[in-house]
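Structure below is structure_17.cif: mmCIF, C-alpha atoms.
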```cif
data_protein
#
loop_
_atom_site.group_PDB
_atom_site.id
_atom_site.type_symbol
_atom_site.label_atom_id
_atom_site.label_comp_id
_atom_site.auth_asym_id
_atom_site.auth_seq_id
_atom_site.Cartn_x
_atom_site.Cartn_y
_atom_site.Cartn_z
ATOM 1 C CA ASP A 11 21.586 -6.275 88.343
ATOM 2 C CA PRO A 12 24.075 -8.968 87.285
ATOM 3 C CA SER A 13 21.875 -11.663 88.813
ATOM 4 C CA GLY A 14 19.378 -10.933 86.063
ATOM 5 C CA ALA A 15 16.689 -9.790 88.491
ATOM 6 C CA ALA A 16 16.250 -6.729 86.277
ATOM 7 C CA ALA A 17 15.385 -9.080 83.450
ATOM 8 C CA MET A 18 12.307 -10.408 85.139
ATOM 9 C CA PRO A 19 8.691 -9.613 84.463
ATOM 10 C CA LYS A 20 7.434 -8.149 87.740
ATOM 11 C CA ALA A 21 5.733 -10.667 89.979
ATOM 12 C CA ARG A 22 2.086 -9.885 90.455
ATOM 13 C CA ALA A 23 1.397 -8.339 93.826
ATOM 14 C CA GLY A 24 -0.403 -10.821 95.973
ATOM 15 C CA LYS A 25 -0.319 -12.859 99.127
ATOM 16 C CA ARG A 26 2.904 -14.115 100.663
ATOM 17 C CA PRO A 27 3.569 -17.794 99.892
ATOM 18 C CA GLU A 28 1.250 -19.936 101.948
ATOM 19 C CA ARG A 29 3.092 -22.068 104.492
ATOM 20 C CA ARG A 30 1.671 -25.564 104.228
ATOM 21 C CA GLU A 31 3.592 -28.465 105.600
ATOM 22 C CA GLY A 32 3.598 -32.103 104.624
ATOM 23 C CA ARG A 33 5.358 -34.849 106.525
ATOM 24 C CA ALA A 34 7.393 -37.514 104.793
ATOM 25 C CA GLY A 35 10.166 -39.726 106.089
ATOM 26 C CA GLY A 36 10.157 -37.943 109.472
ATOM 27 C CA ILE A 37 10.708 -34.487 107.900
ATOM 28 C CA LEU A 38 8.126 -31.738 107.808
ATOM 29 C CA PHE A 39 8.342 -30.083 104.368
ATOM 30 C CA ASN A 40 7.607 -26.372 104.087
ATOM 31 C CA THR A 41 5.649 -26.145 100.838
ATOM 32 C CA GLY A 42 5.457 -22.348 101.201
ATOM 33 C CA ALA A 43 9.210 -22.394 100.568
ATOM 34 C CA GLY A 44 8.719 -24.630 97.529
ATOM 35 C CA GLN A 45 9.694 -27.903 99.221
ATOM 36 C CA HIS A 46 8.137 -30.607 97.051
ATOM 37 C CA ILE A 47 10.346 -33.696 96.839
ATOM 38 C CA LEU A 48 10.418 -35.570 93.520
ATOM 39 C CA LYS A 49 9.581 -39.140 94.571
ATOM 40 C CA ASN A 50 8.930 -41.037 91.320
ATOM 41 C CA PRO A 51 12.129 -42.939 90.330
ATOM 42 C CA LEU A 52 10.960 -43.136 86.697
ATOM 43 C CA VAL A 53 10.851 -39.330 86.471
ATOM 44 C CA VAL A 54 14.229 -39.062 88.256
ATOM 45 C CA ASN A 55 15.800 -41.495 85.737
ATOM 46 C CA SER A 56 14.192 -39.717 82.803
ATOM 47 C CA ILE A 57 15.630 -36.349 83.917
ATOM 48 C CA ILE A 58 19.084 -37.914 84.278
ATOM 49 C CA ASP A 59 18.844 -39.510 80.807
ATOM 50 C CA LYS A 60 17.888 -36.183 79.244
ATOM 51 C CA ALA A 61 20.831 -34.451 80.957
ATOM 52 C CA ALA A 62 23.253 -36.756 79.023
ATOM 53 C CA LEU A 63 25.682 -36.716 81.958
ATOM 54 C CA ARG A 64 29.358 -37.524 81.427
ATOM 55 C CA ARG A 65 31.799 -39.219 83.817
ATOM 56 C CA THR A 66 33.940 -36.056 83.899
ATOM 57 C CA ASP A 67 31.034 -33.688 84.693
ATOM 58 C CA VAL A 68 30.717 -31.325 87.639
ATOM 59 C CA ILE A 69 26.968 -30.895 88.209
ATOM 60 C CA LEU A 70 25.250 -27.986 89.966
ATOM 61 C CA GLU A 71 22.046 -29.061 91.718
ATOM 62 C CA VAL A 72 19.735 -26.509 93.349
ATOM 63 C CA GLY A 73 17.255 -27.677 95.985
ATOM 64 C CA PRO A 74 18.418 -31.305 96.316
ATOM 65 C CA GLY A 75 15.836 -32.009 99.036
ATOM 66 C CA THR A 76 16.396 -35.505 100.421
ATOM 67 C CA GLY A 77 18.714 -36.440 97.532
ATOM 68 C CA ASN A 78 16.651 -38.679 95.221
ATOM 69 C CA LEU A 79 18.165 -36.994 92.146
ATOM 70 C CA THR A 80 21.522 -36.304 93.804
ATOM 71 C CA VAL A 81 22.375 -39.934 94.604
ATOM 72 C CA LYS A 82 21.558 -41.102 91.063
ATOM 73 C CA MET A 83 23.766 -38.359 89.594
ATOM 74 C CA LEU A 84 26.650 -39.121 91.976
ATOM 75 C CA GLU A 85 26.789 -42.620 90.498
ATOM 76 C CA LYS A 86 27.388 -41.172 87.010
ATOM 77 C CA VAL A 87 29.538 -38.030 87.367
ATOM 78 C CA LYS A 88 32.784 -36.743 88.834
ATOM 79 C CA LYS A 89 31.148 -34.370 91.344
ATOM 80 C CA VAL A 90 27.802 -32.869 92.404
ATOM 81 C CA ILE A 91 27.680 -29.430 94.039
ATOM 82 C CA ALA A 92 24.322 -29.337 95.824
ATOM 83 C CA CYS A 93 22.967 -25.956 96.993
ATOM 84 C CA GLU A 94 20.364 -26.190 99.753
ATOM 85 C CA ILE A 95 18.916 -23.424 101.949
ATOM 86 C CA ASP A 96 17.320 -25.687 104.614
ATOM 87 C CA PRO A 97 19.831 -27.105 107.156
ATOM 88 C CA ARG A 98 17.444 -29.982 108.021
ATOM 89 C CA LEU A 99 17.551 -31.237 104.437
ATOM 90 C CA VAL A 100 21.331 -30.769 104.328
ATOM 91 C CA GLY A 101 21.499 -33.187 107.309
ATOM 92 C CA GLU A 102 19.292 -35.720 105.479
ATOM 93 C CA LEU A 103 21.460 -35.528 102.363
ATOM 94 C CA GLN A 104 24.679 -35.988 104.353
ATOM 95 C CA LYS A 105 23.193 -39.006 106.182
ATOM 96 C CA ARG A 106 22.192 -40.562 102.878
ATOM 97 C CA VAL A 107 25.734 -40.690 101.453
ATOM 98 C CA GLN A 108 27.660 -41.081 104.726
ATOM 99 C CA GLY A 109 30.017 -44.051 104.699
ATOM 100 C CA THR A 110 29.465 -44.732 100.984
ATOM 101 C CA CYS A 111 31.880 -44.301 98.075
ATOM 102 C CA LEU A 112 29.651 -41.410 96.881
ATOM 103 C CA ALA A 113 30.352 -39.166 99.888
ATOM 104 C CA ASN A 114 33.617 -37.700 98.566
ATOM 105 C CA LYS A 115 31.952 -36.771 95.246
ATOM 106 C CA LEU A 116 29.343 -34.572 96.963
ATOM 107 C CA GLU A 117 29.921 -30.945 97.935
ATOM 108 C CA ILE A 118 27.080 -29.201 99.780
ATOM 109 C CA LYS A 119 26.695 -25.419 99.841
ATOM 110 C CA VAL A 120 24.231 -24.126 102.439
ATOM 111 C CA GLY A 121 22.462 -20.863 101.615
ATOM 112 C CA ASP A 122 20.342 -18.888 99.178
ATOM 113 C CA ILE A 123 21.421 -19.665 95.593
ATOM 114 C CA LEU A 124 20.328 -16.203 94.415
ATOM 115 C CA LYS A 125 22.767 -14.581 96.862
ATOM 116 C CA THR A 126 25.613 -17.001 96.155
ATOM 117 C CA ASP A 127 28.287 -16.794 93.459
ATOM 118 C CA LEU A 128 27.817 -19.814 91.217
ATOM 119 C CA PRO A 129 30.757 -22.257 91.136
ATOM 120 C CA PHE A 130 32.242 -23.689 87.935
ATOM 121 C CA PHE A 131 29.989 -26.465 86.574
ATOM 122 C CA ASP A 132 29.397 -28.368 83.324
ATOM 123 C CA ALA A 133 25.640 -28.822 83.658
ATOM 124 C CA CYS A 134 22.851 -27.841 86.043
ATOM 125 C CA VAL A 135 20.102 -30.291 87.023
ATOM 126 C CA ALA A 136 17.459 -29.080 89.463
ATOM 127 C CA ASN A 137 13.956 -29.439 90.842
ATOM 128 C CA LEU A 138 13.769 -25.737 91.717
ATOM 129 C CA PRO A 139 11.658 -24.008 94.348
ATOM 130 C CA TYR A 140 9.221 -22.445 91.851
ATOM 131 C CA GLN A 141 9.267 -18.957 93.363
ATOM 132 C CA ILE A 142 12.930 -18.468 92.338
ATOM 133 C CA SER A 143 12.459 -19.756 88.763
ATOM 134 C CA SER A 144 12.700 -16.424 86.979
ATOM 135 C CA PRO A 145 15.704 -14.837 88.731
ATOM 136 C CA PHE A 146 17.550 -18.167 88.735
ATOM 137 C CA VAL A 147 17.171 -18.661 84.965
ATOM 138 C CA PHE A 148 18.819 -15.295 84.292
ATOM 139 C CA LYS A 149 21.478 -15.799 86.936
ATOM 140 C CA LEU A 150 22.346 -19.002 85.051
ATOM 141 C CA LEU A 151 22.265 -17.439 81.595
ATOM 142 C CA LEU A 152 24.482 -14.491 82.549
ATOM 143 C CA HIS A 153 26.957 -16.802 84.339
ATOM 144 C CA ARG A 154 30.483 -17.198 82.963
ATOM 145 C CA PRO A 155 32.264 -19.422 82.052
ATOM 146 C CA PHE A 156 29.580 -21.069 79.940
ATOM 147 C CA PHE A 157 28.012 -24.367 80.974
ATOM 148 C CA ARG A 158 26.797 -27.032 78.547
ATOM 149 C CA CYS A 159 23.129 -27.250 79.494
ATOM 150 C CA ALA A 160 20.579 -27.033 82.303
ATOM 151 C CA ILE A 161 17.735 -29.505 82.876
ATOM 152 C CA LEU A 162 15.247 -27.747 85.144
ATOM 153 C CA MET A 163 11.846 -28.522 86.650
ATOM 154 C CA PHE A 164 9.411 -25.588 86.534
ATOM 155 C CA GLN A 165 5.765 -24.838 87.120
ATOM 156 C CA ARG A 166 4.009 -25.798 83.848
ATOM 157 C CA GLU A 167 2.870 -22.285 82.892
ATOM 158 C CA PHE A 168 6.340 -20.833 83.532
ATOM 159 C CA ALA A 169 7.886 -23.554 81.347
ATOM 160 C CA LEU A 170 5.429 -22.804 78.544
ATOM 161 C CA ARG A 171 6.269 -19.080 78.752
ATOM 162 C CA LEU A 172 9.966 -19.905 78.351
ATOM 163 C CA VAL A 173 9.325 -21.693 75.045
ATOM 164 C CA ALA A 174 6.424 -19.518 73.787
ATOM 165 C CA LYS A 175 6.631 -18.175 70.227
ATOM 166 C CA PRO A 176 5.421 -14.819 68.796
ATOM 167 C CA GLY A 177 1.636 -14.696 68.518
ATOM 168 C CA SER A 178 1.108 -17.122 71.410
ATOM 169 C CA LYS A 179 -0.916 -15.883 74.398
ATOM 170 C CA LEU A 180 1.971 -16.836 76.698
ATOM 171 C CA TYR A 181 4.622 -14.977 74.659
ATOM 172 C CA CYS A 182 6.139 -12.329 76.928
ATOM 173 C CA ARG A 183 9.316 -10.576 78.015
ATOM 174 C CA LEU A 184 10.496 -13.762 79.748
ATOM 175 C CA SER A 185 10.148 -15.691 76.444
ATOM 176 C CA ILE A 186 12.149 -13.263 74.324
ATOM 177 C CA ASN A 187 14.875 -12.611 76.919
ATOM 178 C CA THR A 188 15.450 -16.322 77.502
ATOM 179 C CA GLN A 189 15.422 -17.166 73.801
ATOM 180 C CA LEU A 190 17.878 -14.320 73.071
ATOM 181 C CA LEU A 191 20.449 -15.981 75.340
ATOM 182 C CA ALA A 192 19.627 -19.678 74.982
ATOM 183 C CA ARG A 193 17.995 -22.478 73.074
ATOM 184 C CA VAL A 194 15.025 -23.688 75.144
ATOM 185 C CA ASP A 195 13.147 -26.994 74.759
ATOM 186 C CA HIS A 196 10.144 -28.384 76.645
ATOM 187 C CA LEU A 197 11.112 -31.989 77.449
ATOM 188 C CA MET A 198 8.241 -33.495 79.431
ATOM 189 C CA LYS A 199 5.228 -32.873 81.630
ATOM 190 C CA VAL A 200 5.343 -34.037 85.248
ATOM 191 C CA GLY A 201 2.066 -34.480 87.140
ATOM 192 C CA LYS A 202 1.661 -33.218 90.714
ATOM 193 C CA ASN A 203 1.364 -36.761 92.129
ATOM 194 C CA ASN A 204 5.045 -37.394 91.371
ATOM 195 C CA PHE A 205 5.962 -35.135 94.304
ATOM 196 C CA ARG A 206 5.725 -35.474 98.071
ATOM 197 C CA PRO A 207 3.795 -33.496 99.254
ATOM 198 C CA PRO A 208 2.067 -32.793 95.896
ATOM 199 C CA PRO A 209 2.153 -29.123 94.774
ATOM 200 C CA LYS A 210 -1.015 -27.292 93.707
ATOM 201 C CA VAL A 211 0.225 -26.934 90.101
ATOM 202 C CA GLU A 212 1.406 -29.182 87.284
ATOM 203 C CA SER A 213 5.102 -29.157 86.368
ATOM 204 C CA SER A 214 7.341 -29.473 83.311
ATOM 205 C CA VAL A 215 10.995 -30.240 82.644
ATOM 206 C CA VAL A 216 12.856 -27.855 80.321
ATOM 207 C CA ARG A 217 16.322 -27.995 78.753
ATOM 208 C CA ILE A 218 18.215 -24.687 78.445
ATOM 209 C CA GLU A 219 21.405 -24.497 76.359
ATOM 210 C CA PRO A 220 23.181 -21.121 76.455
ATOM 211 C CA LYS A 221 24.152 -19.635 73.091
ATOM 212 C CA ASN A 222 27.931 -19.653 72.909
ATOM 213 C CA PRO A 223 29.107 -17.188 71.770
ATOM 214 C CA PRO A 224 26.254 -15.013 73.057
ATOM 215 C CA PRO A 225 24.706 -12.317 70.834
ATOM 216 C CA PRO A 226 26.834 -9.110 70.847
ATOM 217 C CA ILE A 227 24.236 -7.179 72.834
ATOM 218 C CA ASN A 228 24.365 -5.366 76.166
ATOM 219 C CA PHE A 229 21.695 -7.344 78.023
ATOM 220 C CA GLN A 230 20.631 -4.494 80.346
ATOM 221 C CA GLU A 231 20.086 -2.126 77.379
ATOM 222 C CA TRP A 232 18.248 -4.881 75.496
ATOM 223 C CA ASP A 233 15.995 -5.639 78.462
ATOM 224 C CA GLY A 234 15.157 -1.937 78.837
ATOM 225 C CA LEU A 235 13.874 -1.904 75.244
ATOM 226 C CA VAL A 236 11.936 -5.177 75.566
ATOM 227 C CA ARG A 237 10.433 -4.059 78.891
ATOM 228 C CA ILE A 238 8.955 -0.931 77.231
ATOM 229 C CA ALA A 239 7.563 -2.921 74.301
ATOM 230 C CA PHE A 240 5.930 -5.548 76.546
ATOM 231 C CA VAL A 241 4.408 -3.241 79.193
ATOM 232 C CA ARG A 242 1.349 -3.241 76.923
ATOM 233 C CA LYS A 243 2.150 -5.978 74.454
ATOM 234 C CA ASN A 244 -1.058 -5.354 72.461
ATOM 235 C CA LYS A 245 -0.159 -1.693 71.847
ATOM 236 C CA THR A 246 1.600 -0.711 68.644
ATOM 237 C CA LEU A 247 5.304 0.099 69.065
ATOM 238 C CA SER A 248 4.568 3.640 67.930
ATOM 239 C CA ALA A 249 2.169 4.085 70.881
ATOM 240 C CA ALA A 250 4.369 2.175 73.381
ATOM 241 C CA PHE A 251 7.398 4.404 72.736
ATOM 242 C CA LYS A 252 5.526 7.739 72.720
ATOM 243 C CA SER A 253 5.289 8.505 76.460
ATOM 244 C CA SER A 254 7.571 11.223 77.855
ATOM 245 C CA ALA A 255 8.906 8.844 80.562
ATOM 246 C CA VAL A 256 9.961 6.331 77.898
ATOM 247 C CA GLU A 257 11.532 9.079 75.779
ATOM 248 C CA GLN A 258 13.527 10.364 78.770
ATOM 249 C CA LEU A 259 14.782 6.858 79.542
ATOM 250 C CA LEU A 260 15.808 6.175 75.936
ATOM 251 C CA ASP A 261 17.436 9.600 75.627
ATOM 252 C CA HIS A 262 19.498 8.881 78.755
ATOM 253 C CA ASN A 263 20.515 5.417 77.465
ATOM 254 C CA TYR A 264 21.335 6.749 74.001
ATOM 255 C CA ARG A 265 23.638 9.454 75.399
ATOM 256 C CA ILE A 266 25.463 6.877 77.559
ATOM 257 C CA HIS A 267 25.784 4.558 74.554
ATOM 258 C CA CYS A 268 27.236 7.370 72.391
ATOM 259 C CA SER A 269 29.711 8.469 75.074
ATOM 260 C CA LEU A 270 30.931 4.870 75.515
ATOM 261 C CA HIS A 271 31.478 4.608 71.758
ATOM 262 C CA ASN A 272 32.951 8.152 71.359
ATOM 263 C CA THR A 273 30.094 9.158 69.065
ATOM 264 C CA GLU A 274 29.180 12.827 68.765
ATOM 265 C CA ILE A 275 25.521 13.757 69.296
ATOM 266 C CA PRO A 276 24.149 16.617 67.126
ATOM 267 C CA GLU A 277 23.092 19.759 69.061
ATOM 268 C CA ASN A 278 19.537 19.599 67.750
ATOM 269 C CA PHE A 279 19.169 15.881 68.657
ATOM 270 C CA LYS A 280 15.666 14.792 69.713
ATOM 271 C CA ILE A 281 15.104 11.210 70.815
ATOM 272 C CA ALA A 282 11.405 11.322 69.798
ATOM 273 C CA GLU A 283 12.448 11.984 66.190
ATOM 274 C CA LYS A 284 15.025 9.181 66.351
ATOM 275 C CA ILE A 285 12.400 6.704 67.614
ATOM 276 C CA GLN A 286 9.865 7.636 64.946
ATOM 277 C CA THR A 287 12.536 7.544 62.188
ATOM 278 C CA VAL A 288 13.601 4.032 63.203
ATOM 279 C CA LEU A 289 9.990 2.841 63.433
ATOM 280 C CA LYS A 290 9.235 4.289 60.015
ATOM 281 C CA ASP A 291 12.404 2.894 58.385
ATOM 282 C CA THR A 292 11.786 -0.596 59.758
ATOM 283 C CA GLY A 293 8.041 -0.517 59.093
ATOM 284 C CA TYR A 294 7.491 -1.436 62.769
ATOM 285 C CA SER A 295 5.250 1.539 63.723
ATOM 286 C CA GLU A 296 2.111 -0.582 63.616
ATOM 287 C CA LYS A 297 3.745 -3.783 64.883
ATOM 288 C CA ARG A 298 2.887 -5.126 68.327
ATOM 289 C CA ALA A 299 5.376 -6.775 70.717
ATOM 290 C CA ARG A 300 3.220 -9.915 70.946
ATOM 291 C CA SER A 301 3.911 -10.687 67.248
ATOM 292 C CA MET A 302 7.595 -9.639 66.992
ATOM 293 C CA ASP A 303 10.337 -12.243 67.025
ATOM 294 C CA ILE A 304 13.923 -11.915 68.234
ATOM 295 C CA ASP A 305 15.214 -10.841 64.808
ATOM 296 C CA ASP A 306 12.655 -8.002 64.716
ATOM 297 C CA PHE A 307 13.753 -6.783 68.154
ATOM 298 C CA ILE A 308 17.467 -7.103 67.313
ATOM 299 C CA ARG A 309 16.981 -5.001 64.163
ATOM 300 C CA TYR A 310 15.060 -2.328 66.107
ATOM 301 C CA PHE A 311 17.619 -2.423 68.948
ATOM 302 C CA PHE A 312 20.635 -1.857 66.695
ATOM 303 C CA LEU A 313 18.965 0.894 64.670
ATOM 304 C CA LEU A 314 18.008 2.742 67.870
ATOM 305 C CA CYS A 315 21.643 2.529 69.033
ATOM 306 C CA LEU A 316 23.066 3.862 65.745
ATOM 307 C CA PRO A 317 23.881 7.575 65.579
ATOM 308 C CA PHE A 318 22.007 9.755 63.071
#
```
Any chance you could give the structure as structure tokens?
Amino acid sequence: DPSGAAAMPKARAGKRPERREGRAGGILFNTGAGQHILKNPLVVNSIIDKAALRRTDVILEVGPGTGNLTVKMLEKVKKVIACEIDPRLVGELQKRVQGTCLANKLEIKVGDILKTDLPFFDACVANLPYQISSPFVFKLLLHRPFFRCAILMFQREFALRLVAKPGSKLYCRLSINTQLLARVDHLMKVGKNNFRPPPKVESSVVRIEPKNPPPPINFQEWDGLVRIAFVRKNKTLSAAFKSSAVEQLLDHNYRIHCSLHNTEIPENFKIAEKIQTVLKDTGYSEKRARSMDIDDFIRYFFLLCLPF
């Protein structure tokens, strides 16, 4: 899935988002849809400072809400493309810039950002609806042409997973996939009282800078490998890669890889032997995904892809 949805850890099965509504400025916000408006001007200014905006920039903003961040950015850049799914908030945003010199610098796209082709932009600045955090990050990171950076507001735990290092309790598939494609920094914590209505969770602002050029890796193949390793991240790699379902999947991928690269596969080829050989040669048999860094995974990935 080019949107990167395949790159996501599965969401835990649970209840549908609760629909709670909070009124502010005559608008009823649907918090079940992630509508929490950033109201503190100090936080707004801090986000804009950290984005290091330039006069020539085209900025992508997702979930502009009533435009507190949008208006401040319009004063500093060439253009803001604001993507909003709620027509009521689109109306509020239009009213806010109507008749001002900022109006012609604002382009509004109405719809679901995950189902929309991203426009060209230099930087992305957004207070995201938290339930789209994961798919949106990978949609951004697989987007071409490259953008300079993204300054994004996330739920605190999600932000900490993005920057988690090997050995940390929060280190997971999301951490390694994001850090493969980008440099990620936790910039600041934002308390729930900075929003209207306040969310139930604490938030954090993160900066994501895509690696350009990106690593020479097929992301779907890479994610397939990481997914297997992290299904039980406390298991040894030797145990994680031993199931027949995993062997079938890797055998299928290996044969595709070889056909794409015009590599002949020996008649007596067995993927199980290949896996164990690579694990033995790398010394990774007893390693666990939770303690492996990107370089470890890259080494394992390339050795698995090499013909015998």
Original post:
With all atoms listed in the file as the basis for distance, which of A:Val100, A:Leu289, A:Ala61, A:Leu84 is at the shortest distance from A:Ile218?
Top reply: A:Ala61
**OP:** Would you translate the PyMOL selection byres ((chain A and resi 260) around 10) into the concrete set of residues it matches in this file, as an NGL selection string?
**Re:** :A and (231 or 234-235 or 238 or 251 or 254-259 or 261-266 or 281-282 or 285 or 314-315)
Using all atoms listed in the file, find all polymer residues with an atom at most 9 Å away from the point (15.8, -44.9, 90.2); report them as an mmCIF file with C-alpha atoms, in the coordinates of the input.
```cif
data_model
loop_
_atom_site.group_PDB
_atom_site.id
_atom_site.type_symbol
_atom_site.label_atom_id
_atom_site.label_comp_id
_atom_site.auth_asym_id
_atom_site.auth_seq_id
_atom_site.Cartn_x
_atom_site.Cartn_y
_atom_site.Cartn_z
ATOM 1 C CA ASN A 50 8.930 -41.037 91.320
ATOM 2 C CA PRO A 51 12.129 -42.939 90.330
ATOM 3 C CA LEU A 52 10.960 -43.136 86.697
ATOM 4 C CA VAL A 53 10.851 -39.330 86.471
ATOM 5 C CA VAL A 54 14.229 -39.062 88.256
ATOM 6 C CA ASN A 55 15.800 -41.495 85.737
ATOM 7 C CA ASN A 78 16.651 -38.679 95.221
ATOM 8 C CA LEU A 79 18.165 -36.994 92.146
ATOM 9 C CA LYS A 82 21.558 -41.102 91.063
#
```
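Nearest to A:Phe307 of all the residues A:Thr273, A:Asn222, A:Asn187, A:Asn244 is A:Asn187, based on all atoms listed in the file.
Counting all atoms listed in the file, A:Lys243 has the following residues at most 7 Å away, ignoring those fewer than 4 positions along the same chain: Ala239, Arg298, Ala299 and Arg300 of chain A.
You will find atom CA of A:His196 at 10.3 Å from atom CA of A:Phe164.
Here atom CA of A:Leu124 and atom CA of A:Glu85 stand 27.5 Å from one another.
What separates atom CA of A:Val90 from atom CA of A:Ser56 is a distance of 18.0 Å.
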Near A:Cys182, counting only C-alpha atoms, which residues have an atom at most 9 Å away, once you skip same-chain residues fewer than 2 positions from it, shown as a CSV table (one decimal) with C-alpha atoms, in the coordinates of the input?
```
chain,number,residue,atom,x,y,z
A,19,PRO,CA,8.7,-9.6,84.5
A,171,ARG,CA,6.3,-19.1,78.8
A,172,LEU,CA,10.0,-19.9,78.4
A,174,ALA,CA,6.4,-19.5,73.8
A,175,LYS,CA,6.6,-18.2,70.2
A,176,PRO,CA,5.4,-14.8,68.8
A,178,SER,CA,1.1,-17.1,71.4
A,179,LYS,CA,-0.9,-15.9,74.4
A,180,LEU,CA,2.0,-16.8,76.7
A,184,LEU,CA,10.5,-13.8,79.7
A,185,SER,CA,10.1,-15.7,76.4
A,186,ILE,CA,12.1,-13.3,74.3
A,187,ASN,CA,14.9,-12.6,76.9
A,240,PHE,CA,5.9,-5.5,76.5
A,243,LYS,CA,2.2,-6.0,74.5
A,299,ALA,CA,5.4,-6.8,70.7
A,300,ARG,CA,3.2,-9.9,70.9
```
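Nearest-residue note for A:Ile304: choosing from A:Gln189, A:Asn203, A:Thr292, A:Asn278, the minimum distance belongs to A:Gln189, counting all atoms listed in the file.
Comparing A:His267, A:Lys280, A:Lys88, A:Arg98 by their smallest distance to A:Asn114, the closest is A:Lys88 (using only C-alpha atoms).
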Original post:
Quick one: of A:Val194, A:Met302, A:Phe312, A:Pro276, who's nearest to A:Pro225, counting only C-alpha atoms?
Top reply: A:Phe312
For the interface of stretch 185-253 of chain A with stretch 136-160 of chain A (cut-off 7 Å, counting all atoms listed in the file), please tabulate each contacting residue of stretch 185-253 of chain A alongside its nearest pair of atoms and their separation in Å to one decimal, rows sorted by chain and increasing number, as CSV.
```
residue,atom,partner,partner_atom,distance
A:Leu191,CA,A:Leu151,CA,6.7
A:Arg217,CA,A:Ala160,CA,5.6
A:Ile218,CA,A:Ala160,CA,5.1
A:Glu219,CA,A:Cys159,CA,4.5
A:Pro220,CA,A:Leu151,CA,6.4
```
For the residues selected in the previous step, produce a file with C-alpha atoms as a PDB file, in the frame of the given file.
```pdb
ATOM      1  CA  LEU A 191      20.449 -15.981  75.340  1.00  0.00           C
ATOM      2  CA  ARG A 217      16.322 -27.995  78.753  1.00  0.00           C
ATOM      3  CA  ILE A 218      18.215 -24.687  78.445  1.00  0.00           C
ATOM      4  CA  GLU A 219      21.405 -24.497  76.359  1.00  0.00           C
ATOM      5  CA  PRO A 220      23.181 -21.121  76.455  1.00  0.00           C
TER       6      PRO A 220
END
```
**OP:** Taking the file above as input, evaluate the PyMOL selection byres ((chain A and resi 70) around 9) and report the hits as JSON, numbers by chain.
**Re:** {"A": [68, 69, 71, 72, 89, 90, 91, 92, 93, 128, 129, 130, 131, 132, 133, 134, 135, 136]}
File of the preceding selection, C-alpha atoms, as a CSV table (one decimal), in the frame of the given file:
```csv
chain,number,residue,atom,x,y,z
A,68,VAL,CA,30.7,-31.3,87.6
A,69,ILE,CA,27.0,-30.9,88.2
A,71,GLU,CA,22.0,-29.1,91.7
A,72,VAL,CA,19.7,-26.5,93.3
A,89,LYS,CA,31.1,-34.4,91.3
A,90,VAL,CA,27.8,-32.9,92.4
A,91,ILE,CA,27.7,-29.4,94.0
A,92,ALA,CA,24.3,-29.3,95.8
A,93,CYS,CA,23.0,-26.0,97.0
A,128,LEU,CA,27.8,-19.8,91.2
A,129,PRO,CA,30.8,-22.3,91.1
A,130,PHE,CA,32.2,-23.7,87.9
A,131,PHE,CA,30.0,-26.5,86.6
A,132,ASP,CA,29.4,-28.4,83.3
A,133,ALA,CA,25.6,-28.8,83.7
A,134,CYS,CA,22.9,-27.8,86.0
A,135,VAL,CA,20.1,-30.3,87.0
A,136,ALA,CA,17.5,-29.1,89.5
```
Original post:
Closest to A:Met83 among A:Lys284, A:Lys119, A:Lys49, A:Arg65, using all atoms listed in the file?
Top reply: A:Arg65
Subject >> Sel. within 12 Å of pt (13.0, 0.8, 60.6), counting all atoms listed in the file, output as a list in words >> reply: Leu247, Ser248, Lys284, Ile285, Gln286, Thr287, Val288, Leu289, Lys290, Asp291, Thr292, Gly293, Tyr294, Ser295, Glu296, Lys297, Asp306, Phe307, Ile308, Arg309, Tyr310, Phe311, Phe312, Leu313, Leu314 and Leu316 of chain A
**OP:** Please provide the set of residues having any atom within 7 Å of A:Val120, restricted to only C-alpha atoms, with same-chain residues fewer than 2 positions apart removed, written as a list in words.
**Re:** Cys93, Glu94, Ile95 and Ile118 of chain A
